[in-house]
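Asks: Take this structure first; my questions come after.
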Amino acid sequence: MTTVERGLSHPLGPTITPAGANFSLYSKHATSVDLLLYDSVGSAMPARIIPLHRTGEYWHALVPDVGHGQLYAYRVDGPWQPERGLRFDAHHRLLDPYGRGVAVPPTYRRNPASVPLGDAEAMKSVLVDLSRYDWEGDRPLGRSLRDTIVYEAHL
């Protein structure tokens, strides 16, 4: 197992690099953030727990020995001050808000937010290598932002 490095605070989310996978998460009020790595979607406990480094309001680490398909979640601790909108609870396993894949264990169930799931029942993020995606011949449109109209629709 190779030593975890500080990594970079940008870009946000998981990024596969030649040196390994860089994980970066924004949390202004967190007091600690752990990256939890799992061997399978139904693992009862993490195979590795990696404390992330803090730079300003960003938490990050470069993990050399992980890649495409790695299952992970975050454990974030901080103040419990609901009157200020701060509801940190280190018992919860959190998906990566910048992640591109999710794995759902067969034992998953929807609980009220006040009831944390165990590791075996919690959804996990999946590290995705974007270079493996088959675009099936699609290419960027090459249209300038000036000539672009963006619509938003709620279904």
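Following the order of the structure tokens, chains are lettered A, B, ..., residues in each are numbered from 1, and ligands are numbered from 1.
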For A:Tyr38, list every protein, DNA or RNA residue within 7 Å, evaluated using only C-alpha atoms, and leave out those in the same chain fewer than 5 positions away; present the list as a PyMOL selection string.

Replies: chain A and resi 43+46-47+71-72

Asks: Write out as a PyMOL selection string which residues come within 10 Å of A:Arg110 when counting only C-alpha atoms, dropping same-chain ones fewer than 3 positions away.

Replies: chain A and resi 113+115-117+121-122

Asks: Between atom CA of A:Ala103 and atom CA of A:Lys124, measure the distance and give it in Å to one decimal.

Replies: 5.2 Å

Asks: At a cut-off of 7 Å, using only C-alpha atoms, what residues contact A:Leu36? Leave out same-chain residues fewer than 3 positions from it and give the result as number ranges by chain.

Replies: A: 46, 48-50, 72-74

Asks: Would you save the residues of that selection, restricted to C-alpha atoms, as a compact mmCIF listing (two decimals), in the first residue's frame?

Replies:
```
# COMPACT_ATOMS: atom_id res chain seq x y z
CA PRO A 46 -14.45 0.30 5.14
CA ARG A 48 -9.38 1.82 4.45
CA ILE A 49 -10.05 5.11 6.19
CA ILE A 50 -8.08 8.08 4.87
CA TYR A 72 -16.06 5.08 -1.50
CA ALA A 73 -18.01 7.40 0.78
CA TYR A 74 -17.24 10.32 3.07
```

Asks: For the atom pair atom CA of A:Val66 and atom CA of A:Ser40, what is the interatomic distance in Å to one decimal place?

Replies: 13.7 Å

Asks: I want to know what sits within 12 Å of A:Val4, based on only C-alpha atoms, with residues of the same chain fewer than 5 positions away left out; could you give that as a PyMOL selection string?

Replies: chain A and resi 19-23+35+48-53+60-66

Asks: Within chain A, find each residue whose DSSP state, derived from the backbone, is helix (DSSP H, G or I), and express the selection as a PyMOL selection string.

Replies: chain A and resi 82-84+130-132+145-147

Asks: Apply DSSP to the backbone of this structure and, from stretch 50-80 of chain A, keep only the residues in strand (DSSP E); write these as a list in words.

Replies: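 Going through stretch 50-80 of chain A, the strand (DSSP E) residues come out as Ile50, Pro51, His53, Arg54, Thr55, Tyr58, Trp59, His60, Ala61, Leu62, Val63, Leu71, Tyr72, Ala73, Tyr74, Arg75, Val76, Asp77 and Trp80 of chain A.
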